[in-house]
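Student: So that we are looking at the same thing, I have put the structure below in structure tokens.
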Amino acid sequence: MMIIVIILISLAIITGLYVAINWAPELTVEELRGRWGNAPSVFLDVAGKKVHLRDEGPRNDPTPLVLLHGTGHSLHTWDGWVAALKGARRVIRFDLAGCGLTGPAADDRYSIDDDVRLVVAILDRLGIDRCVLGGNSLGGLIAWRTALEHPERVEKLILVDADGYRIAPKSVPLAFRFARLPMSYWLISHTLPRGLVEQTLRNVYGDPTKVTAEAMLRSRELTRREGNRRAFVLRARQEPQLGDLSHRIAELKMPTLIIWGGRDRLIPRESAQRFHRDIAGSALVMFEDLGHMPQEEDPGRTAEAVQRFLASPA
């Protein structure tokens with residue numbers, strides 16, 4: 001009995017020290033807007049959410065490019081692409097529910113169906129009938145699911161290390177593993193170890209030395225936006241319950257560009273090859289030296305592939 005008491009006391013002390021060292025209270029949107037929500041950011045009331053969105057480039061573009069980020073990230077992941085593309089194309093990007101500055105869903109629902117509805121609602125709100133839809137990781141999954149359910153709205157599709165097949169990852173960032181542990185919710189919601197943010201970002205880059213101080217600061221601060229950590233946990237726990245619709249990927253008929261990092265350990269290259277095989281006529285561009293977020297790790301080379309794809313006939 002005494003041994004159990006000693007163990008419990010030791011665990012309490014260790015937990016207390018961990019919380020004291022890594023305590024990270026939430027930040028309000030007002031505290032974050034000055035750095036991460038400045039011009040050209042706007043906040044639109046869409047589907048019961050105040051969505052953080054950026055809309056750049058020529059307004060006469062008949063099929064704007066709409067870009068969706070991955071889990072726990074934000075519209076800033078596309079900064080490099082936007083800089084390269086906005087001179088000739090209208091480029092729209094926004095923070096998904098529970099991410100960036102958009103904030104959590106009021107009903108705590110983070111299903112892919114909810115994400116698809118948000119995409120369509122934003123297209124409607126902006127008066128866009130058809131677009132080129134692209135996404136990275138979770139954003140790629142939302143992109144192809146939107147294209148599957150609303151093919152009339154998607155002229156072309158861009159999948160960047162997209163989720164979609166049940167292929168085991170070679171490595172999973174600690175934050176994703178921790179979020180699914182039964183006792184992790186309170187700790188994730190109130191603490192944020194600096195090393196956890198750094199490890200997560202370095203894990204998804206092909207070359208970890210390319211992770212910038214700004215990227216780490218952005219990830220840390222936007223993670224602390226009110227409600228985002230709770231949303232991250234809820235989304236991570238809801239994902240295993242999602243239905244597998246990979247058998248329907250072959251139904252996609254629009255021109256599709258598949259961009260992949262050859263060093264992606266979260267969604268390995270086998271997924272890229274399956275997308276390429278299942279989507280008839282798709283183009284696959286593999287960047288052997290890049291990881292799970294090639295658009296951020298090397299925006300120059302990856303944007304060139306997008307420019308070529310956009311210039312080709314639909």
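Ligands are numbered from 1 in the order shown, chains are lettered A, B, ... in the order of the structure tokens, and residues start at 1 in each chain.
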If we count only C-alpha atoms, what is near Thr71 (chain A) at a cut-off of 8 Å, once residues fewer than 6 positions away on the same chain are taken out, given as a list of chain:residue names?
Tutor: A:Cys99, A:Ser137, A:Leu138, A:Gly139, A:Phe232
Student: Using only N, CA and C atoms, please write the residues we just selected to a file, as a tab-separated table (two decimals), in the first residue's frame.
Tutor:
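Below you can see again-v4.tsv, which holds the result:
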chain	number	residue	atom	x	y	z
A	99	CYS	N	-8.91	25.68	-36.48
A	99	CYS	CA	-7.52	25.93	-36.88
A	99	CYS	C	-7.29	27.43	-37.09
A	137	SER	N	-2.59	17.27	-47.10
A	137	SER	CA	-2.89	16.39	-45.98
A	137	SER	C	-4.40	16.32	-45.75
A	138	LEU	N	-4.88	16.73	-44.57
A	138	LEU	CA	-6.32	16.78	-44.31
A	138	LEU	C	-7.01	17.65	-45.36
A	139	GLY	N	-6.39	18.77	-45.73
A	139	GLY	CA	-6.97	19.64	-46.74
A	139	GLY	C	-7.12	18.93	-48.08
A	232	PHE	N	-8.37	20.38	-31.79
A	232	PHE	CA	-7.34	19.44	-32.28
A	232	PHE	C	-7.56	18.06	-31.69
Student: Would you mind listing what lies within 9 Å of Ile259 (chain A) as number ranges by chain, with only C-alpha atoms counted and same-chain residues fewer than 2 positions away left out?
Tutor: A: 158-162, 257, 261, 272, 283-287, 294-295, 302, 305-306
Student: Residues at most 10 Å from Gly135 (chain A), counting only C-alpha atoms, excluding those fewer than 6 positions away in the same chain, as number ranges by chain?
Tutor: A: 66-70, 78, 93, 141-144, 157-163
Student: Using all heavy atoms, can you write the selected residues to a file as a compact mmCIF listing (two decimals), in the first residue's frame?
Tutor:
# COMPACT_ATOMS: atom_id res chain seq x y z
N VAL A 66 -8.50 27.62 -54.94
CA VAL A 66 -8.87 27.58 -53.52
C VAL A 66 -8.00 26.53 -52.84
O VAL A 66 -7.97 25.36 -53.27
CB VAL A 66 -10.36 27.24 -53.35
CG1 VAL A 66 -10.73 27.16 -51.87
CG2 VAL A 66 -11.24 28.27 -54.06
N LEU A 67 -7.30 26.92 -51.78
CA LEU A 67 -6.32 26.05 -51.14
C LEU A 67 -6.69 25.77 -49.69
O LEU A 67 -7.03 26.68 -48.93
CB LEU A 67 -4.93 26.71 -51.20
CG LEU A 67 -4.37 26.95 -52.61
CD1 LEU A 67 -3.10 27.78 -52.54
CD2 LEU A 67 -4.12 25.63 -53.32
N LEU A 68 -6.57 24.49 -49.29
CA LEU A 68 -6.97 24.04 -47.96
C LEU A 68 -5.75 23.45 -47.23
O LEU A 68 -5.06 22.58 -47.77
CB LEU A 68 -8.05 22.97 -48.06
CG LEU A 68 -9.26 23.30 -48.96
CD1 LEU A 68 -10.18 22.09 -49.06
CD2 LEU A 68 -10.00 24.52 -48.43
N HIS A 69 -5.51 23.90 -46.02
CA HIS A 69 -4.35 23.45 -45.25
C HIS A 69 -4.63 22.14 -44.51
O HIS A 69 -5.76 21.62 -44.52
CB HIS A 69 -3.94 24.53 -44.26
CG HIS A 69 -4.99 24.81 -43.22
ND1 HIS A 69 -5.20 24.00 -42.13
CD2 HIS A 69 -5.90 25.82 -43.11
CE1 HIS A 69 -6.17 24.48 -41.39
NE2 HIS A 69 -6.63 25.59 -41.96
N GLY A 70 -3.62 21.62 -43.83
CA GLY A 70 -3.74 20.36 -43.11
C GLY A 70 -4.06 20.53 -41.64
O GLY A 70 -4.21 21.64 -41.13
N TRP A 78 0.40 28.35 -47.25
CA TRP A 78 0.39 28.59 -48.69
C TRP A 78 1.03 29.92 -49.08
O TRP A 78 0.93 30.32 -50.25
CB TRP A 78 -1.05 28.57 -49.21
CG TRP A 78 -1.80 27.31 -48.91
CD1 TRP A 78 -2.80 27.15 -48.00
CD2 TRP A 78 -1.59 26.03 -49.51
NE1 TRP A 78 -3.24 25.85 -48.00
CE2 TRP A 78 -2.52 25.12 -48.91
CE3 TRP A 78 -0.72 25.55 -50.50
CZ2 TRP A 78 -2.59 23.79 -49.27
CZ3 TRP A 78 -0.79 24.21 -50.85
CH2 TRP A 78 -1.71 23.34 -50.25
N ARG A 93 -7.61 31.27 -49.79
CA ARG A 93 -7.27 30.29 -48.76
C ARG A 93 -7.91 30.72 -47.45
O ARG A 93 -8.13 31.91 -47.23
CB ARG A 93 -5.76 30.19 -48.60
CG ARG A 93 -5.12 31.57 -48.43
CD ARG A 93 -3.66 31.58 -48.68
NE ARG A 93 -3.12 32.93 -48.80
CZ ARG A 93 -2.05 33.38 -48.16
NH1 ARG A 93 -1.40 32.58 -47.33
NH2 ARG A 93 -1.60 34.60 -48.35
N LEU A 141 -7.68 15.68 -48.40
CA LEU A 141 -8.84 14.80 -48.22
C LEU A 141 -10.14 15.58 -48.41
O LEU A 141 -11.06 15.13 -49.11
CB LEU A 141 -8.79 14.18 -46.82
CG LEU A 141 -10.02 13.41 -46.34
CD1 LEU A 141 -10.36 12.27 -47.28
CD2 LEU A 141 -9.81 12.90 -44.91
N ILE A 142 -10.21 16.77 -47.80
CA ILE A 142 -11.41 17.60 -47.95
C ILE A 142 -11.59 18.00 -49.41
O ILE A 142 -12.72 18.04 -49.92
CB ILE A 142 -11.31 18.84 -47.05
CG1 ILE A 142 -11.23 18.43 -45.58
CG2 ILE A 142 -12.50 19.78 -47.27
CD1 ILE A 142 -10.83 19.57 -44.65
N ALA A 143 -10.48 18.28 -50.10
CA ALA A 143 -10.56 18.70 -51.51
C ALA A 143 -11.15 17.61 -52.38
O ALA A 143 -12.06 17.85 -53.17
CB ALA A 143 -9.18 19.11 -52.01
N TRP A 144 -10.63 16.37 -52.26
CA TRP A 144 -11.16 15.33 -53.16
C TRP A 144 -12.55 14.88 -52.76
O TRP A 144 -13.36 14.51 -53.61
CB TRP A 144 -10.20 14.16 -53.32
CG TRP A 144 -9.94 13.21 -52.19
CD1 TRP A 144 -8.83 13.16 -51.40
CD2 TRP A 144 -10.78 12.11 -51.77
NE1 TRP A 144 -8.93 12.12 -50.49
CE2 TRP A 144 -10.10 11.47 -50.71
CE3 TRP A 144 -12.02 11.62 -52.18
CZ2 TRP A 144 -10.62 10.35 -50.04
CZ3 TRP A 144 -12.54 10.51 -51.52
CH2 TRP A 144 -11.85 9.90 -50.47
N LEU A 157 -8.26 19.60 -59.84
CA LEU A 157 -7.98 19.18 -58.47
C LEU A 157 -6.47 19.08 -58.26
O LEU A 157 -5.75 18.56 -59.11
CB LEU A 157 -8.64 17.82 -58.22
CG LEU A 157 -8.61 17.22 -56.82
CD1 LEU A 157 -9.36 18.11 -55.83
CD2 LEU A 157 -9.25 15.82 -56.86
N ILE A 158 -6.00 19.59 -57.11
CA ILE A 158 -4.58 19.50 -56.76
C ILE A 158 -4.46 18.83 -55.40
O ILE A 158 -4.98 19.34 -54.40
CB ILE A 158 -3.91 20.88 -56.72
CG1 ILE A 158 -4.04 21.58 -58.07
CG2 ILE A 158 -2.43 20.75 -56.34
CD1 ILE A 158 -3.53 23.02 -58.07
N LEU A 159 -3.79 17.68 -55.35
CA LEU A 159 -3.63 16.92 -54.11
C LEU A 159 -2.17 16.96 -53.69
O LEU A 159 -1.30 16.49 -54.42
CB LEU A 159 -4.09 15.47 -54.32
CG LEU A 159 -5.54 15.30 -54.80
CD1 LEU A 159 -5.84 13.83 -55.01
CD2 LEU A 159 -6.51 15.93 -53.82
N VAL A 160 -1.91 17.52 -52.53
CA VAL A 160 -0.54 17.67 -52.02
C VAL A 160 -0.39 16.80 -50.78
O VAL A 160 -0.91 17.13 -49.71
CB VAL A 160 -0.23 19.15 -51.69
CG1 VAL A 160 1.24 19.29 -51.28
CG2 VAL A 160 -0.56 20.06 -52.87
N ASP A 161 0.28 15.66 -50.93
CA ASP A 161 0.44 14.72 -49.81
C ASP A 161 -0.89 14.56 -49.09
O ASP A 161 -1.01 14.73 -47.88
CB ASP A 161 1.54 15.22 -48.85
CG ASP A 161 2.91 15.18 -49.49
OD1 ASP A 161 3.18 16.02 -50.38
OD2 ASP A 161 3.72 14.33 -49.12
N ALA A 162 -1.91 14.23 -49.87
CA ALA A 162 -3.28 14.20 -49.38
C ALA A 162 -3.60 12.91 -48.63
O ALA A 162 -3.10 11.83 -48.96
CB ALA A 162 -4.24 14.36 -50.56
N ASP A 163 -4.46 13.04 -47.63
CA ASP A 163 -4.97 11.88 -46.93
C ASP A 163 -6.06 11.23 -47.80
O ASP A 163 -6.67 11.89 -48.62
CB ASP A 163 -5.57 12.32 -45.59
CG ASP A 163 -5.71 11.16 -44.62
OD1 ASP A 163 -5.41 10.01 -45.00
OD2 ASP A 163 -6.12 11.41 -43.47
Student: Set the distance at 9 Å and use only C-alpha atoms: which residues neighbour Trp36 (chain A) once local chain neighbours fewer than 2 positions away are removed? I'd like the list as a VMD selection string.
Tutor: chain A and resid 32 to 34 38 41 76 100 to 101 218 222
Student: Let me make sure I understand: among A:Lys253, A:Arg248, A:His190, A:Lys50, which one has the smallest atom-to-atom distance to Thr223 (chain A) if we use only C-alpha atoms?
Tutor: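 Comparing A:Lys253, A:Arg248, A:His190, A:Lys50 against Thr223 (chain A), the winner is A:His190.
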Student: Using only C-alpha atoms, which of the listed residues (A:Pro255, A:Gly98, A:Gly281, A:Gly80) sits closest to Met293 (chain A)?
Tutor: A:Gly80
Student: Quick one: pick out all helix (DSSP H, G or I) residues within region 53-82 of chain A from a backbone DSSP run and write them as a PyMOL selection string.
Tutor: chain A and resi 75-82
Student: So what do you get for CA of Val46 (chain A) versus CA of Asp115 (chain A), distance-wise?
Tutor: 12.1 Å
Student: Taking only C-alpha atoms into account, which of A:Asn203, A:Gly127, A:Val233, A:Glu56 comes nearest Ala84 (chain A)?
Tutor: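 Distance minimum relative to Ala84 (chain A) lands on A:Glu56.
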Student: Please provide as a ChimeraX atom specification all residues within 8 Å of region 95-97 of chain A, with the sequence filter that same-chain residues fewer than 4 positions apart are discarded (counting only C-alpha atoms).
Tutor: /A:49,51-53,68-69,74-75,101-105,110,115
Student: Of the candidates A:Pro151, A:Gly140, A:Gly72, A:Pro40, which one gets nearest to Gly164 (chain A) if we count only C-alpha atoms?
Tutor: A:Gly140
Student: Of the candidates A:Glu251, A:Glu296, A:Glu288, A:Glu304, which one gets nearest to Leu201 (chain A) if we count only C-alpha atoms?
Tutor: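 Result for the nearest residue to Leu201 (chain A): A:Glu296.
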Student: Using only C-alpha atoms, which of the listed residues (A:Arg274, A:Arg263, A:Arg89, A:Arg308) sits closest to Pro169 (chain A)?
Tutor: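 Checking each candidate against Pro169 (chain A), we get A:Arg263 as the closest.
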Student: Which residues are near Val91 (chain A)? Cut-off 10 Å, only C-alpha atoms, ignore same chain within fewer than 2 positions. Put them as an NGL selection string.
Tutor: :A and (54-59 or 61 or 63-67 or 78 or 81-83 or 85-89 or 93 or 131-132)
Student: Between CA of Arg145 (chain A) and CA of Val116 (chain A), measure the distance and give it in Å to one decimal.
Tutor: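 Going from CA of Arg145 (chain A) over to CA of Val116 (chain A) covers 7.1 Å.
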Student: Enumerate, as a list in words, the complete set of residues in region 260-304 of chain A that a backbone-based DSSP assignment places in strand (DSSP E or B).
Tutor: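 Residues meeting the strand (DSSP E or B) criterion: Trp260, Gly261, Ala283, Leu284, Val285, Met286 and Phe287 of chain A.
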